[in-house]
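Peer 1: Handing over structure.cif, mmCIF, N, CA and C atoms.
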data_target
loop_
_atom_site.label_atom_id
_atom_site.label_comp_id
_atom_site.auth_asym_id
_atom_site.auth_seq_id
_atom_site.Cartn_x
_atom_site.Cartn_y
_atom_site.Cartn_z
N MET F 1 -16.88 27.89 11.38
CA MET F 1 -16.74 28.73 12.56
C MET F 1 -15.41 29.48 12.49
N ALA F 2 -15.43 30.73 12.78
CA ALA F 2 -14.24 31.57 12.71
C ALA F 2 -13.37 31.40 13.96
N LEU F 3 -12.07 31.56 13.75
CA LEU F 3 -11.12 31.56 14.86
C LEU F 3 -11.09 32.96 15.44
N LYS F 4 -11.26 33.06 16.75
CA LYS F 4 -11.22 34.36 17.41
C LYS F 4 -9.81 34.57 17.95
N VAL F 5 -9.19 35.67 17.57
CA VAL F 5 -7.85 36.02 18.03
C VAL F 5 -7.93 37.37 18.72
N GLU F 6 -7.53 37.40 19.98
CA GLU F 6 -7.47 38.67 20.71
C GLU F 6 -6.02 39.06 20.84
N LEU F 7 -5.73 40.29 20.45
CA LEU F 7 -4.36 40.78 20.43
C LEU F 7 -4.17 41.91 21.42
N LYS F 8 -3.06 41.85 22.11
CA LYS F 8 -2.66 42.95 23.00
C LYS F 8 -2.08 44.06 22.14
N PRO F 9 -1.98 45.26 22.68
CA PRO F 9 -1.35 46.34 21.93
C PRO F 9 0.07 45.95 21.50
N GLY F 10 0.36 46.12 20.22
CA GLY F 10 1.68 45.83 19.69
C GLY F 10 1.96 44.35 19.43
N GLU F 11 1.02 43.47 19.79
CA GLU F 11 1.25 42.03 19.59
C GLU F 11 1.21 41.70 18.10
N ARG F 12 2.03 40.71 17.72
CA ARG F 12 2.11 40.30 16.32
C ARG F 12 1.67 38.85 16.18
N PHE F 13 1.26 38.51 14.97
CA PHE F 13 1.00 37.12 14.65
C PHE F 13 1.25 36.90 13.18
N ILE F 14 1.44 35.64 12.83
CA ILE F 14 1.65 35.28 11.43
C ILE F 14 0.35 34.70 10.90
N LEU F 15 -0.06 35.19 9.76
CA LEU F 15 -1.22 34.68 9.06
C LEU F 15 -0.74 34.31 7.66
N GLY F 16 -0.65 33.01 7.40
CA GLY F 16 -0.09 32.56 6.12
C GLY F 16 1.36 32.96 6.05
N ASP F 17 1.72 33.75 5.06
CA ASP F 17 3.11 34.20 4.95
C ASP F 17 3.24 35.70 5.26
N SER F 18 2.27 36.22 6.00
CA SER F 18 2.29 37.64 6.38
C SER F 18 2.40 37.80 7.89
N VAL F 19 3.15 38.80 8.31
CA VAL F 19 3.23 39.16 9.73
C VAL F 19 2.30 40.33 9.94
N ILE F 20 1.41 40.20 10.90
CA ILE F 20 0.44 41.25 11.21
C ILE F 20 0.73 41.77 12.60
N THR F 21 0.83 43.09 12.72
CA THR F 21 1.12 43.73 14.00
C THR F 21 -0.07 44.57 14.42
N ASN F 22 -0.50 44.36 15.65
CA ASN F 22 -1.61 45.14 16.20
C ASN F 22 -1.15 46.56 16.51
N ASP F 23 -2.06 47.49 16.44
CA ASP F 23 -1.78 48.88 16.77
C ASP F 23 -1.67 49.03 18.29
N ASP F 24 -2.05 50.17 18.82
CA ASP F 24 -1.84 50.46 20.24
C ASP F 24 -3.07 50.16 21.11
N GLN F 25 -4.05 49.44 20.57
CA GLN F 25 -5.25 49.09 21.34
C GLN F 25 -5.47 47.59 21.28
N ARG F 26 -6.10 47.08 22.32
CA ARG F 26 -6.48 45.67 22.31
C ARG F 26 -7.46 45.45 21.15
N THR F 27 -7.30 44.35 20.43
CA THR F 27 -8.11 44.09 19.24
C THR F 27 -8.61 42.66 19.24
N ARG F 28 -9.79 42.46 18.74
CA ARG F 28 -10.34 41.12 18.56
C ARG F 28 -10.61 40.93 17.07
N LEU F 29 -10.06 39.85 16.52
CA LEU F 29 -10.26 39.52 15.11
C LEU F 29 -10.95 38.17 15.01
N PHE F 30 -11.78 38.02 14.00
CA PHE F 30 -12.38 36.74 13.68
C PHE F 30 -11.87 36.35 12.30
N ILE F 31 -11.18 35.22 12.25
CA ILE F 31 -10.51 34.81 11.02
C ILE F 31 -11.13 33.51 10.52
N GLU F 32 -11.54 33.53 9.27
CA GLU F 32 -12.09 32.33 8.63
C GLU F 32 -11.16 31.95 7.49
N GLY F 33 -10.97 30.66 7.31
CA GLY F 33 -10.13 30.18 6.22
C GLY F 33 -9.16 29.13 6.71
N ASP F 34 -8.30 28.71 5.81
CA ASP F 34 -7.37 27.62 6.10
C ASP F 34 -5.92 28.06 6.22
N SER F 35 -5.64 29.33 6.22
CA SER F 35 -4.26 29.79 6.32
C SER F 35 -3.70 29.47 7.71
N PRO F 36 -2.43 29.07 7.76
CA PRO F 36 -1.83 28.83 9.07
C PRO F 36 -1.70 30.13 9.85
N ILE F 37 -1.94 30.03 11.15
CA ILE F 37 -1.89 31.19 12.04
C ILE F 37 -1.00 30.84 13.22
N LEU F 38 -0.07 31.73 13.55
CA LEU F 38 0.78 31.56 14.74
C LEU F 38 0.82 32.86 15.51
N ARG F 39 0.45 32.77 16.78
CA ARG F 39 0.56 33.95 17.66
C ARG F 39 2.02 34.17 18.01
N GLU F 40 2.32 35.38 18.39
CA GLU F 40 3.69 35.76 18.72
C GLU F 40 4.30 34.83 19.77
N LYS F 41 3.54 34.42 20.77
CA LYS F 41 4.07 33.58 21.84
C LYS F 41 4.46 32.20 21.34
N ASP F 42 3.93 31.77 20.20
CA ASP F 42 4.23 30.46 19.64
C ASP F 42 5.31 30.49 18.56
N ILE F 43 5.74 31.68 18.19
CA ILE F 43 6.73 31.84 17.13
C ILE F 43 8.13 31.73 17.72
N LEU F 44 8.92 30.85 17.11
CA LEU F 44 10.33 30.73 17.50
C LEU F 44 11.16 31.32 16.37
N ARG F 45 11.94 32.33 16.70
CA ARG F 45 12.81 32.95 15.71
C ARG F 45 14.05 32.09 15.52
N THR F 46 14.62 32.14 14.35
CA THR F 46 15.81 31.35 14.03
C THR F 46 16.92 31.58 15.04
N ASP F 47 17.13 32.82 15.43
CA ASP F 47 18.20 33.15 16.39
C ASP F 47 17.97 32.53 17.76
N ASP F 48 16.71 32.22 18.08
CA ASP F 48 16.39 31.65 19.40
C ASP F 48 16.40 30.12 19.40
N ALA F 49 16.59 29.51 18.25
CA ALA F 49 16.64 28.04 18.15
C ALA F 49 18.06 27.58 18.49
N ASP F 50 18.40 27.71 19.78
CA ASP F 50 19.78 27.49 20.22
C ASP F 50 20.02 26.15 20.89
N THR F 51 19.06 25.23 20.79
CA THR F 51 19.24 23.87 21.30
C THR F 51 18.70 22.91 20.25
N PRO F 52 19.09 21.65 20.31
CA PRO F 52 18.59 20.70 19.31
C PRO F 52 17.06 20.60 19.27
N CYS F 53 16.41 20.57 20.41
CA CYS F 53 14.96 20.43 20.43
C CYS F 53 14.26 21.71 19.97
N LYS F 54 14.86 22.85 20.21
CA LYS F 54 14.30 24.08 19.67
C LYS F 54 14.42 24.10 18.14
N ARG F 55 15.49 23.49 17.62
CA ARG F 55 15.63 23.40 16.17
C ARG F 55 14.55 22.49 15.58
N VAL F 56 14.20 21.42 16.31
CA VAL F 56 13.10 20.57 15.87
C VAL F 56 11.82 21.41 15.79
N TYR F 57 11.54 22.19 16.84
CA TYR F 57 10.35 23.05 16.85
C TYR F 57 10.39 24.01 15.66
N LEU F 58 11.54 24.62 15.43
CA LEU F 58 11.65 25.59 14.34
C LEU F 58 11.32 24.96 12.99
N ILE F 59 11.80 23.75 12.77
CA ILE F 59 11.53 23.10 11.49
C ILE F 59 10.06 22.71 11.39
N VAL F 60 9.46 22.24 12.48
CA VAL F 60 8.04 21.94 12.47
C VAL F 60 7.25 23.23 12.20
N GLN F 61 7.69 24.33 12.79
CA GLN F 61 7.05 25.63 12.54
C GLN F 61 7.13 25.99 11.06
N MET F 62 8.30 25.77 10.47
CA MET F 62 8.48 26.07 9.05
C MET F 62 7.57 25.18 8.20
N MET F 63 7.42 23.91 8.59
CA MET F 63 6.53 23.01 7.86
C MET F 63 5.08 23.48 7.98
N TYR F 64 4.70 23.90 9.18
CA TYR F 64 3.33 24.37 9.43
C TYR F 64 3.00 25.58 8.56
N LEU F 65 3.94 26.49 8.45
CA LEU F 65 3.69 27.73 7.72
C LEU F 65 3.83 27.58 6.20
N ALA F 66 4.48 26.51 5.76
CA ALA F 66 4.74 26.32 4.33
C ALA F 66 3.52 25.78 3.61
N ALA F 67 3.34 26.21 2.38
CA ALA F 67 2.27 25.65 1.55
C ALA F 67 2.55 24.17 1.29
N ASP F 68 3.83 23.83 1.14
CA ASP F 68 4.24 22.45 0.94
C ASP F 68 5.36 22.14 1.94
N PRO F 69 5.08 21.33 2.97
CA PRO F 69 6.07 21.08 4.00
C PRO F 69 7.19 20.12 3.58
N ARG F 70 7.03 19.42 2.47
CA ARG F 70 8.00 18.39 2.07
C ARG F 70 9.44 18.86 1.93
N PRO F 71 9.69 20.06 1.45
CA PRO F 71 11.10 20.48 1.35
C PRO F 71 11.83 20.53 2.71
N HIS F 72 11.09 20.57 3.80
CA HIS F 72 11.69 20.63 5.13
C HIS F 72 11.90 19.25 5.75
N HIS F 73 11.34 18.21 5.14
CA HIS F 73 11.38 16.88 5.75
C HIS F 73 12.79 16.34 5.94
N GLU F 74 13.65 16.49 4.95
CA GLU F 74 15.00 15.93 5.06
C GLU F 74 15.75 16.52 6.26
N LEU F 75 15.73 17.83 6.41
CA LEU F 75 16.40 18.47 7.55
C LEU F 75 15.74 18.06 8.86
N TYR F 76 14.41 17.99 8.87
CA TYR F 76 13.70 17.57 10.08
C TYR F 76 14.16 16.19 10.53
N PHE F 77 14.15 15.23 9.63
CA PHE F 77 14.51 13.87 10.01
C PHE F 77 15.99 13.75 10.39
N GLN F 78 16.84 14.56 9.79
CA GLN F 78 18.25 14.57 10.17
C GLN F 78 18.42 15.07 11.61
N ILE F 79 17.77 16.15 11.95
CA ILE F 79 17.89 16.71 13.30
C ILE F 79 17.23 15.78 14.32
N VAL F 80 16.08 15.22 13.99
CA VAL F 80 15.39 14.31 14.89
C VAL F 80 16.27 13.09 15.19
N LYS F 81 16.92 12.57 14.16
CA LYS F 81 17.83 11.43 14.34
C LYS F 81 18.94 11.79 15.32
N ASP F 82 19.53 12.97 15.15
CA ASP F 82 20.61 13.42 16.04
C ASP F 82 20.10 13.56 17.48
N VAL F 83 18.91 14.12 17.64
CA VAL F 83 18.34 14.31 18.99
C VAL F 83 18.13 12.95 19.66
N MET F 84 17.56 12.01 18.92
CA MET F 84 17.27 10.69 19.50
C MET F 84 18.54 9.92 19.82
N GLN F 85 19.60 10.11 19.03
CA GLN F 85 20.87 9.45 19.33
C GLN F 85 21.50 10.05 20.58
N ALA F 86 21.42 11.36 20.72
CA ALA F 86 22.01 12.03 21.88
C ALA F 86 21.21 11.79 23.15
N ALA F 87 19.89 11.70 23.01
CA ALA F 87 19.00 11.53 24.18
C ALA F 87 17.88 10.56 23.80
N PRO F 88 18.11 9.27 23.90
CA PRO F 88 17.09 8.29 23.53
C PRO F 88 15.77 8.47 24.28
N SER F 89 15.81 9.08 25.44
CA SER F 89 14.57 9.29 26.22
C SER F 89 13.62 10.28 25.55
N THR F 90 14.06 10.95 24.49
CA THR F 90 13.18 11.87 23.76
C THR F 90 12.30 11.14 22.76
N THR F 91 12.53 9.86 22.56
CA THR F 91 11.81 9.10 21.53
C THR F 91 10.29 9.22 21.64
N PRO F 92 9.67 9.09 22.83
CA PRO F 92 8.21 9.23 22.87
C PRO F 92 7.72 10.61 22.40
N PHE F 93 8.50 11.64 22.67
CA PHE F 93 8.12 12.99 22.23
C PHE F 93 8.23 13.09 20.71
N ILE F 94 9.33 12.56 20.17
CA ILE F 94 9.53 12.57 18.72
C ILE F 94 8.44 11.76 18.03
N ASP F 95 8.10 10.60 18.60
CA ASP F 95 7.04 9.77 18.03
C ASP F 95 5.71 10.53 17.98
N ALA F 96 5.42 11.28 19.02
CA ALA F 96 4.17 12.06 19.06
C ALA F 96 4.18 13.14 17.98
N ILE F 97 5.31 13.80 17.81
CA ILE F 97 5.44 14.83 16.76
C ILE F 97 5.26 14.19 15.39
N ASN F 98 5.97 13.08 15.16
CA ASN F 98 5.88 12.39 13.87
C ASN F 98 4.46 11.96 13.56
N SER F 99 3.76 11.47 14.56
CA SER F 99 2.38 11.03 14.37
C SER F 99 1.51 12.18 13.87
N LYS F 100 1.68 13.34 14.46
CA LYS F 100 0.89 14.51 14.06
C LYS F 100 1.27 14.98 12.66
N ILE F 101 2.56 14.93 12.35
CA ILE F 101 3.01 15.33 11.01
C ILE F 101 2.42 14.39 9.96
N LEU F 102 2.46 13.08 10.24
CA LEU F 102 1.97 12.09 9.28
C LEU F 102 0.47 12.22 9.03
N THR F 103 -0.27 12.68 10.02
CA THR F 103 -1.71 12.85 9.85
C THR F 103 -2.08 14.27 9.39
N GLY F 104 -1.06 15.09 9.12
CA GLY F 104 -1.30 16.44 8.62
C GLY F 104 -1.75 17.43 9.66
N GLU F 105 -1.60 17.07 10.93
CA GLU F 105 -2.01 17.96 12.02
C GLU F 105 -0.79 18.78 12.48
N MET F 106 -0.40 19.72 11.64
CA MET F 106 0.85 20.43 11.87
C MET F 106 0.81 21.32 13.11
N TYR F 107 -0.32 21.95 13.39
CA TYR F 107 -0.39 22.79 14.59
C TYR F 107 -0.25 21.92 15.84
N LYS F 108 -0.87 20.75 15.83
CA LYS F 108 -0.73 19.83 16.96
C LYS F 108 0.70 19.31 17.05
N ALA F 109 1.36 19.15 15.92
CA ALA F 109 2.78 18.76 15.94
C ALA F 109 3.62 19.83 16.64
N LEU F 110 3.26 21.10 16.41
CA LEU F 110 3.96 22.19 17.10
C LEU F 110 3.76 22.09 18.62
N LYS F 111 2.55 21.77 19.03
CA LYS F 111 2.27 21.64 20.46
C LYS F 111 3.11 20.50 21.06
N GLU F 112 3.23 19.40 20.32
CA GLU F 112 4.05 18.28 20.78
C GLU F 112 5.52 18.68 20.82
N ALA F 113 5.95 19.47 19.86
CA ALA F 113 7.34 19.94 19.84
C ALA F 113 7.62 20.87 21.03
N ARG F 114 6.63 21.61 21.45
CA ARG F 114 6.77 22.46 22.64
C ARG F 114 7.02 21.58 23.87
N LYS F 115 6.34 20.44 23.95
CA LYS F 115 6.56 19.50 25.06
C LYS F 115 7.99 18.95 25.02
N LEU F 116 8.50 18.72 23.82
CA LEU F 116 9.87 18.25 23.67
C LEU F 116 10.86 19.29 24.19
N ILE F 117 10.60 20.55 23.92
CA ILE F 117 11.47 21.63 24.42
C ILE F 117 11.44 21.65 25.95
N GLU F 118 10.27 21.50 26.52
CA GLU F 118 10.16 21.49 27.99
C GLU F 118 10.92 20.31 28.58
N TYR F 119 10.82 19.17 27.94
CA TYR F 119 11.55 17.99 28.41
C TYR F 119 13.05 18.24 28.33
N GLU F 120 13.49 18.81 27.22
CA GLU F 120 14.90 19.13 27.04
C GLU F 120 15.37 20.10 28.13
N ARG F 121 14.54 21.08 28.45
CA ARG F 121 14.89 22.05 29.48
C ARG F 121 15.16 21.32 30.80
N GLY F 122 14.32 20.35 31.15
CA GLY F 122 14.52 19.57 32.36
C GLY F 122 15.81 18.77 32.31
N LEU F 123 16.11 18.18 31.16
CA LEU F 123 17.36 17.43 31.02
C LEU F 123 18.57 18.34 31.22
N LEU F 124 18.52 19.52 30.61
CA LEU F 124 19.63 20.46 30.71
C LEU F 124 19.80 20.97 32.15
N GLU F 125 18.68 21.19 32.83
CA GLU F 125 18.76 21.64 34.24
C GLU F 125 19.38 20.56 35.11
N ASN F 126 19.07 19.30 34.85
CA ASN F 126 19.67 18.20 35.61
C ASN F 126 21.17 18.12 35.37
N VAL F 127 21.60 18.37 34.15
CA VAL F 127 23.04 18.35 33.84
C VAL F 127 23.74 19.48 34.54
N LYS F 128 23.14 20.66 34.54
CA LYS F 128 23.75 21.82 35.20
C LYS F 128 23.81 21.63 36.71
N GLY F 129 22.79 20.96 37.26
CA GLY F 129 22.74 20.75 38.71
C GLY F 129 23.69 19.68 39.20
N SER F 130 24.22 18.87 38.28
CA SER F 130 25.13 17.78 38.69
C SER F 130 26.51 18.26 39.00
#
Represent the structure from my file as structure tokens, please.
Peer 2:
Amino acid sequence: MALKVELKPGERFILGDSVITNDDQRTRLFIEGDSPILREKDILRTDDADTPCKRVYLIVQMMYLAADPRPHHELYFQIVKDVMQAAPSTTPFIDAINSKILTGEMYKALKEARKLIEYERGLLENVKGS
């Protein structure tokens, strides 16, 4: 079954190692195959990875898009260790991400990493409000 992707005018997405940009009309694409796909709303740019949990997401994103995610593992585990030491309450989120990575469900790992970012946002808001 093909993946249906609807794009707004000018919207971009990553297909494998290519960035595809829609023209000036709404478009519907049907994509078949095993290449990783990321919509623009799910893409985190390096410049925007300005918190520890966003860096976790960025590395998981890099693993998802890579043909071989193993070169990213060392950096991932280093950052995850730092996050868990700084905020032990993130452990359930990290465990969920790790579980998805270990089972090869990289897109689901990204979704779990998004939850980690939301949790971090709440922690940071509590610190600012104190």
Peer 1: Using backbone DSSP assignments, extract all strand (DSSP E) residues from chain F; output them as a list in words.
Peer 2: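 Secondary structure check on chain F, strand (DSSP E): Leu3, Lys4, Val5, Glu6, Leu7, Arg12, Phe13, Ile14, Leu15, Ser18, Val19, Ile20, Thr21, Thr27, Arg28, Leu29, Phe30, Ile31, Ile37, Leu38 and Arg39 of chain F.
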Peer 1: Do a neighbour search on range 7-21 of chain F at 12 Å with only C-alpha atoms, toss out local chain neighbours closer than 6 positions, and write the hits as a list in words.
Peer 2: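 Contacts, with the query itself left out: Thr27, Arg28, Leu29, Phe30, Ile31, Glu32, Gly33, Asp34, Ser35, Pro36, Ile37, Leu38, Arg39, Glu40, Lys41, Asp42, Ile43, Leu44, Gln61, Met62, Met63, Tyr64, Leu65, Ala66 and Ala67 of chain F.
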Peer 1: Counting only N, CA and C atoms, figure out which residue out of F:Thr103, F:Gln25, F:Asn98, F:Thr90 gets nearest to Glu120 in chain F.
Peer 2: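 Of all the options, F:Thr90 lies closest to Glu120 in chain F.
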Peer 1: Neighbouring residues of Glu112 in chain F were defined as those with any atom within 6 Å, considering all atoms listed in the file; residues of the same chain fewer than 3 positions away were excluded. Please report them as a list in words.
Peer 2: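 What passes the distance filter is Ala96, Ile97, Lys108, Ala109, Lys115 and Leu116 of chain F.
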Peer 1: How would the residues just picked look written out with N, CA and C atoms as a CSV table (one decimal), in the frame of the given file?
Peer 2:
chain,number,residue,atom,x,y,z
F,96,ALA,N,5.4,11.3,19.0
F,96,ALA,CA,4.2,12.1,19.1
F,96,ALA,C,4.2,13.1,18.0
F,97,ILE,N,5.3,13.8,17.8
F,97,ILE,CA,5.4,14.8,16.8
F,97,ILE,C,5.3,14.2,15.4
F,108,LYS,N,-0.9,20.8,15.8
F,108,LYS,CA,-0.7,19.8,17.0
F,108,LYS,C,0.7,19.3,17.0
F,109,ALA,N,1.4,19.2,15.9
F,109,ALA,CA,2.8,18.8,15.9
F,109,ALA,C,3.6,19.8,16.6
F,115,LYS,N,6.3,20.4,24.0
F,115,LYS,CA,6.6,19.5,25.1
F,115,LYS,C,8.0,19.0,25.0
F,116,LEU,N,8.5,18.7,23.8
F,116,LEU,CA,9.9,18.2,23.7
F,116,LEU,C,10.9,19.3,24.2
Peer 1: What gap, in Å, lies between atom N of Val60 in chain F and atom C of Pro92 in chain F?
Peer 2: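 Those two atoms sit 15.4 Å apart.
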Peer 1: Spell out the residues picked by the PyMOL selection byres (((chain F and resi 55 and name CA) around 10) and name CA) here, as a list in words.
Peer 2: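 Those residues are Leu44, Arg45, Thr46, Asp48, Ala49, Asp50, Thr51, Pro52, Cys53, Lys54, Val56, Tyr57, Leu58, Ile59, Val60, Gln61, Leu75, Tyr76, Ile79, Val80, Val83, Ala113 and Ile117 of chain F.
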Peer 1: Let's have the selection written as a CSV table (one decimal), keeping the file's coordinate frame, with N, CA and C atoms.
Peer 2:
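See part17.csv below for the written result:
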chain,number,residue,atom,x,y,z
F,44,LEU,N,8.9,30.8,17.1
F,44,LEU,CA,10.3,30.7,17.5
F,44,LEU,C,11.2,31.3,16.4
F,45,ARG,N,11.9,32.3,16.7
F,45,ARG,CA,12.8,33.0,15.7
F,45,ARG,C,14.0,32.1,15.5
F,46,THR,N,14.6,32.1,14.4
F,46,THR,CA,15.8,31.4,14.0
F,46,THR,C,16.9,31.6,15.0
F,48,ASP,N,16.7,32.2,18.1
F,48,ASP,CA,16.4,31.6,19.4
F,48,ASP,C,16.4,30.1,19.4
F,49,ALA,N,16.6,29.5,18.2
F,49,ALA,CA,16.6,28.0,18.2
F,49,ALA,C,18.1,27.6,18.5
F,50,ASP,N,18.4,27.7,19.8
F,50,ASP,CA,19.8,27.5,20.2
F,50,ASP,C,20.0,26.2,20.9
F,51,THR,N,19.1,25.2,20.8
F,51,THR,CA,19.2,23.9,21.3
F,51,THR,C,18.7,22.9,20.2
F,52,PRO,N,19.1,21.6,20.3
F,52,PRO,CA,18.6,20.7,19.3
F,52,PRO,C,17.1,20.6,19.3
F,53,CYS,N,16.4,20.6,20.4
F,53,CYS,CA,15.0,20.4,20.4
F,53,CYS,C,14.3,21.7,20.0
F,54,LYS,N,14.9,22.8,20.2
F,54,LYS,CA,14.3,24.1,19.7
F,54,LYS,C,14.4,24.1,18.1
F,56,VAL,N,14.2,21.4,16.3
F,56,VAL,CA,13.1,20.6,15.9
F,56,VAL,C,11.8,21.4,15.8
F,57,TYR,N,11.5,22.2,16.8
F,57,TYR,CA,10.4,23.0,16.8
F,57,TYR,C,10.4,24.0,15.7
F,58,LEU,N,11.5,24.6,15.4
F,58,LEU,CA,11.6,25.6,14.3
F,58,LEU,C,11.3,25.0,13.0
F,59,ILE,N,11.8,23.8,12.8
F,59,ILE,CA,11.5,23.1,11.5
F,59,ILE,C,10.1,22.7,11.4
F,60,VAL,N,9.5,22.2,12.5
F,60,VAL,CA,8.0,21.9,12.5
F,60,VAL,C,7.2,23.2,12.2
F,61,GLN,N,7.7,24.3,12.8
F,61,GLN,CA,7.0,25.6,12.5
F,61,GLN,C,7.1,26.0,11.1
F,75,LEU,N,15.7,17.8,6.4
F,75,LEU,CA,16.4,18.5,7.6
F,75,LEU,C,15.7,18.1,8.9
F,76,TYR,N,14.4,18.0,8.9
F,76,TYR,CA,13.7,17.6,10.1
F,76,TYR,C,14.2,16.2,10.5
F,79,ILE,N,17.8,16.2,12.0
F,79,ILE,CA,17.9,16.7,13.3
F,79,ILE,C,17.2,15.8,14.3
F,80,VAL,N,16.1,15.2,14.0
F,80,VAL,CA,15.4,14.3,14.9
F,80,VAL,C,16.3,13.1,15.2
F,83,VAL,N,18.9,14.1,17.6
F,83,VAL,CA,18.3,14.3,19.0
F,83,VAL,C,18.1,13.0,19.7
F,113,ALA,N,6.0,19.5,19.9
F,113,ALA,CA,7.3,19.9,19.8
F,113,ALA,C,7.6,20.9,21.0
F,117,ILE,N,10.6,20.6,23.9
F,117,ILE,CA,11.5,21.6,24.4
F,117,ILE,C,11.4,21.6,26.0
Peer 1: Give me, please, the distance in Å between atom N of Ser89 in chain F and atom C of Met106 in chain F, quoted to one decimal.
Peer 2: 23.0 Å
Peer 1: Expressed in Å to a single decimal, how great is the separation between atom C of His73 in chain F and atom N of Phe93 in chain F?
Peer 2: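 Atom-to-atom, atom C of His73 in chain F and atom N of Phe93 in chain F are spaced 17.9 Å apart.
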Peer 1: May I have the centre and edge lengths, in Å to one decimal, of an axis-aligned box around the listed atoms of range 41-50 of chain F with 8 Å added to every side, as AutoDock Vina command-line options?
Peer 2:
--center_x 11.8 --center_y 30.3 --center_z 17.9 --size_x 32.5 --size_y 24.3 --size_z 23.8
Peer 1: Looking only at the backbone, which of the residues in range 41-84 of chain F does DSSP tag as helix (DSSP H, G or I), as a ChimeraX atom specification?
Peer 2: /F:41-42,46-48,52-65,70-84
